[in-house]
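See structure below.
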Amino acid sequence: MTRVAPLLSMISAQAAEADRTRSVSAEVIAGIKKTDLMRLTASAEIGGLGERIVTIGGELEATATACASTAWCLWNHLCTYHLFCGLLGPAHHDFLRGIVERHEWVCFPAGAGTGVKAKVDDAGFTLHGVAAFGSGSRYSEWAGVSFVPESPETNRKPEFTMVDLRAHGVRIDPTWNAMSLRASSTDHVHYEGVRQPAELRVPFPFRYRELFREPSYPMIHSRYREDWVALSDLWLGAMAVGVADASLRDCAESIKSRIAIMGTKMVERPTIHVNLGSAKAAINAARDTVYAAMAETDQRIESGTTPTEPDYLRQLAASMQAISLCDEAMRLILRVLGGNGLREGTDFERRYRDFQAMPLHINAHRDRVTEQVGRHLLGLPTENAF
């Protein structure tokens, strides 16, 4: 039994409407915020549950089965809060604890097209600019902000802060009109003269995952030495498994009563058996792959073992491969359903569209992950543009 189980019927009931309106139901968002789902990635030191990575994956898989857009927003909250805890660290213990105790939602708009600058003065700093791809922004209370100070003496190195999205000068622009995850609210957040206190300003090093592994670098809990991108990939893999498995089960159930051309029962066609069997094998392999990598991560966290670069690449590669296997399964299911199966109006079309965003996400994108893994095999620095 998952923590999200009591909410699944409500989440599922609004999935089609969320897809149509491009917004998750306010009732669903409010329901999630009342639960401990909001506290899963926060450690006990700041009022959280410090839940196991495998357990979080299971919660997100179950949520994605009901509504992938809802799962996407919850996933974004959980993995970005993990990053924020690492960046802000023990010096911001009380600030981070407050967010956890109030069950407030966070997001991190920082995708392509982002450009935020800060005017710094003795009292603090003022943010100006636009941050793109803020999944869950319209449902959130806080946003992480990567910005560059305008002062030339700072050498314009990236820095980080967190902004209250209810503050004066914040404007959220709904911009996500893609074919999939249409209720994930991947919006633009405009910062128009937003004032920030000086104490809520920290460096945002480009190679932060390496810095986080340094024993001398202060952490609220050792779990935050695990890279947030790697965890986001693992949980994305679990969500992909949920969407693919739900699609397969629905397809198999519909096949039992369907009649093909010339009155042939589809349940008796050998090609149906072959394709469904292949899809099931691919989904099983995907689940085994991503959950094994999550279990390894939990073992490190529980033993206090600091992750290494090979550990990080193992996480990325496992999730990428799991998503690829689910992609294969979704195409096999589509082949089985055929044109008539889609015409009959099942949930598969929406799930198929939603799934398309998963292998395309930059964190788990095959081109990015395989480049890093390949460079490491050749003894080269594992760097790319992100």
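Residue numbers start at 1 in each chain; chains themselves are named A, B, ... in the order of the structure tokens; ligands are numbered from 1 in the order shown.
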
Which residues are close to Ala13 in chain A, i.e. within 12 Å by only C-alpha atoms, leaving aside same-chain residues fewer than 5 positions away? Reply as a PyMOL selection string. chain A and resi 7-8+18-19+24-25+27-28+65-67+70+347

Shortest contact to His190 in chain A, candidates A:Phe133, A:Tyr312, A:Trp72, A:Trp228, atoms counted only C-alpha atoms, goes to A:Phe133

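CA of Met10 in chain A to CA of Val106 in chain A spans 22.2 Å [interatomic distance, one decimal].
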
Based on the backbone DSSP call, show me all residues of range 26-208 of chain A assigned strand (DSSP E), as a PyMOL selection string. chain A and resi 106-107+115-121+124-134+142-149+159-164+170-173+187-197+202-203

For the residues in the current selection, export N, CA and C atoms as a compact mmCIF listing (two decimals), in the first residue's frame.
```txt
# COMPACT_ATOMS: atom_id res chain seq x y z
N VAL A 106 7.48 23.08 -4.15
CA VAL A 106 8.58 23.80 -4.77
C VAL A 106 8.73 23.40 -6.24
N CYS A 107 9.37 24.26 -7.02
CA CYS A 107 9.65 23.98 -8.42
C CYS A 107 10.98 24.62 -8.78
N GLY A 115 16.86 33.32 -18.22
CA GLY A 115 17.84 34.40 -18.06
C GLY A 115 17.43 35.31 -16.92
N VAL A 116 18.00 35.10 -15.74
CA VAL A 116 17.65 35.89 -14.56
C VAL A 116 18.92 36.56 -14.03
N LYS A 117 18.84 37.88 -13.78
CA LYS A 117 19.96 38.64 -13.24
C LYS A 117 19.56 39.28 -11.92
N ALA A 118 20.57 39.68 -11.15
CA ALA A 118 20.31 40.29 -9.85
C ALA A 118 21.10 41.58 -9.68
N LYS A 119 20.41 42.62 -9.20
CA LYS A 119 21.07 43.85 -8.77
C LYS A 119 21.32 43.73 -7.27
N VAL A 120 22.58 43.76 -6.89
CA VAL A 120 22.96 43.51 -5.50
C VAL A 120 23.23 44.83 -4.78
N ASP A 121 22.71 44.93 -3.55
CA ASP A 121 23.00 46.09 -2.71
C ASP A 121 23.28 45.61 -1.29
N GLY A 124 20.41 43.43 0.28
CA GLY A 124 20.00 42.18 -0.36
C GLY A 124 20.20 42.26 -1.86
N PHE A 125 19.24 41.78 -2.61
CA PHE A 125 19.35 41.83 -4.07
C PHE A 125 17.96 41.78 -4.69
N THR A 126 17.90 42.23 -5.94
CA THR A 126 16.63 42.31 -6.67
C THR A 126 16.74 41.50 -7.95
N LEU A 127 15.78 40.63 -8.19
CA LEU A 127 15.80 39.75 -9.36
C LEU A 127 14.98 40.32 -10.51
N HIS A 128 15.54 40.18 -11.72
CA HIS A 128 14.86 40.57 -12.95
C HIS A 128 15.12 39.49 -13.99
N GLY A 129 14.09 39.11 -14.73
CA GLY A 129 14.29 38.15 -15.81
C GLY A 129 13.21 37.09 -15.84
N VAL A 130 13.45 36.12 -16.70
CA VAL A 130 12.47 35.06 -16.94
C VAL A 130 13.13 33.70 -16.76
N ALA A 131 12.44 32.80 -16.07
CA ALA A 131 12.90 31.42 -15.93
C ALA A 131 11.90 30.50 -16.62
N ALA A 132 12.40 29.59 -17.44
CA ALA A 132 11.54 28.75 -18.27
C ALA A 132 11.44 27.33 -17.75
N PHE A 133 10.43 26.63 -18.24
CA PHE A 133 10.21 25.22 -17.94
C PHE A 133 10.07 24.96 -16.43
N GLY A 134 9.15 25.69 -15.81
CA GLY A 134 8.91 25.49 -14.39
C GLY A 134 7.80 24.50 -14.14
N TRP A 142 7.03 27.97 -3.78
CA TRP A 142 8.42 28.41 -3.87
C TRP A 142 9.06 27.95 -5.17
N ALA A 143 9.99 28.75 -5.67
CA ALA A 143 10.78 28.39 -6.85
C ALA A 143 12.26 28.58 -6.55
N GLY A 144 13.06 27.59 -6.95
CA GLY A 144 14.49 27.77 -6.95
C GLY A 144 14.87 28.64 -8.13
N VAL A 145 15.82 29.54 -7.93
CA VAL A 145 16.22 30.48 -9.00
C VAL A 145 17.73 30.46 -9.18
N SER A 146 18.15 30.15 -10.37
CA SER A 146 19.56 30.29 -10.74
C SER A 146 19.71 31.65 -11.42
N PHE A 147 20.61 32.47 -10.90
CA PHE A 147 20.74 33.82 -11.43
C PHE A 147 22.21 34.23 -11.50
N VAL A 148 22.45 35.33 -12.21
CA VAL A 148 23.80 35.89 -12.34
C VAL A 148 23.78 37.32 -11.84
N PRO A 149 24.63 37.68 -10.87
CA PRO A 149 24.70 39.07 -10.41
C PRO A 149 25.19 39.99 -11.53
N GLU A 159 24.62 31.98 -9.23
CA GLU A 159 24.26 31.86 -7.82
C GLU A 159 22.85 31.33 -7.72
N PHE A 160 22.40 31.10 -6.49
CA PHE A 160 21.11 30.45 -6.28
C PHE A 160 20.36 31.10 -5.13
N THR A 161 19.04 31.15 -5.27
CA THR A 161 18.17 31.57 -4.19
C THR A 161 16.83 30.88 -4.34
N MET A 162 15.96 31.05 -3.37
CA MET A 162 14.59 30.56 -3.47
C MET A 162 13.64 31.72 -3.30
N VAL A 163 12.65 31.80 -4.20
CA VAL A 163 11.71 32.91 -4.22
C VAL A 163 10.32 32.43 -3.85
N ASP A 164 9.66 33.19 -3.01
CA ASP A 164 8.26 32.94 -2.67
C ASP A 164 7.42 33.38 -3.87
N VAL A 170 6.29 38.72 -8.89
CA VAL A 170 6.34 37.39 -9.52
C VAL A 170 5.11 37.22 -10.40
N ARG A 171 5.35 36.75 -11.62
CA ARG A 171 4.25 36.49 -12.55
C ARG A 171 4.48 35.15 -13.23
N ILE A 172 3.47 34.29 -13.22
CA ILE A 172 3.59 32.96 -13.84
C ILE A 172 2.78 32.95 -15.13
N ASP A 173 3.46 32.63 -16.22
CA ASP A 173 2.87 32.66 -17.55
C ASP A 173 2.69 31.23 -18.05
N ASP A 187 5.62 26.08 -17.02
CA ASP A 187 5.38 27.49 -17.30
C ASP A 187 6.66 28.33 -17.27
N HIS A 188 6.52 29.57 -17.71
CA HIS A 188 7.56 30.59 -17.54
C HIS A 188 7.24 31.39 -16.28
N VAL A 189 8.27 31.64 -15.48
CA VAL A 189 8.11 32.46 -14.29
C VAL A 189 8.88 33.76 -14.50
N HIS A 190 8.17 34.88 -14.39
CA HIS A 190 8.76 36.20 -14.60
C HIS A 190 9.06 36.83 -13.25
N TYR A 191 10.30 37.27 -13.09
CA TYR A 191 10.71 37.97 -11.88
C TYR A 191 10.90 39.44 -12.23
N GLU A 192 10.00 40.28 -11.73
CA GLU A 192 9.97 41.68 -12.13
C GLU A 192 10.23 42.56 -10.91
N GLY A 193 11.51 42.65 -10.53
CA GLY A 193 11.88 43.45 -9.37
C GLY A 193 11.57 42.76 -8.05
N VAL A 194 11.84 41.48 -7.96
CA VAL A 194 11.58 40.71 -6.75
C VAL A 194 12.72 40.89 -5.76
N ARG A 195 12.41 41.39 -4.56
CA ARG A 195 13.43 41.62 -3.54
C ARG A 195 13.71 40.33 -2.77
N GLN A 196 15.01 40.09 -2.52
CA GLN A 196 15.46 38.92 -1.79
C GLN A 196 16.44 39.33 -0.68
N PRO A 197 16.38 38.66 0.48
CA PRO A 197 17.33 38.98 1.56
C PRO A 197 18.72 38.46 1.24
N VAL A 202 23.31 31.96 -2.26
CA VAL A 202 24.42 31.00 -2.15
C VAL A 202 25.01 30.75 -3.53
N PRO A 203 26.24 30.26 -3.60
CA PRO A 203 26.84 29.90 -4.90
C PRO A 203 26.09 28.73 -5.55
```

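Using only C-alpha atoms, the nearest neighbour of Asp311 in chain A within the list A:Leu78, A:Leu88, A:Val267, A:Val373 is A:Val373.
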
Hey, what does DSSP flag as helix (DSSP H, G or I) within range 290-363 of chain A? Can you give it to me as a VMD selection string? chain A and resid 290 to 303 309 to 343 348 to 355 357 to 360

Residue neighbourhood Thr305 in chain A, 9 Å, only C-alpha atoms, exclusion window fewer than 5 positions, as a ChimeraX atom specification: /A:222,299-300

Same residues, C-alpha atoms, output as a PDB file, in the first residue's frame:
```
ATOM      1  CA  SER A 222      24.311  12.404   3.702  1.00  0.00           C
ATOM      2  CA  GLN A 299      22.154   0.964   0.369  1.00  0.00           C
ATOM      3  CA  ARG A 300      24.659   3.816  -0.027  1.00  0.00           C
TER       4      ARG A 300
END
```

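Of the residues under consideration (A:Val336, A:Ile11, A:Ala123, A:Leu236), A:Leu236 shows the shortest atom-to-atom contact distance to Asn76 in chain A when counting only C-alpha atoms.
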
Which one of A:Thr308, A:Ser303, A:Ser137, A:Asn275 sits closest to Leu211 in chain A if you count only C-alpha atoms? A:Thr308
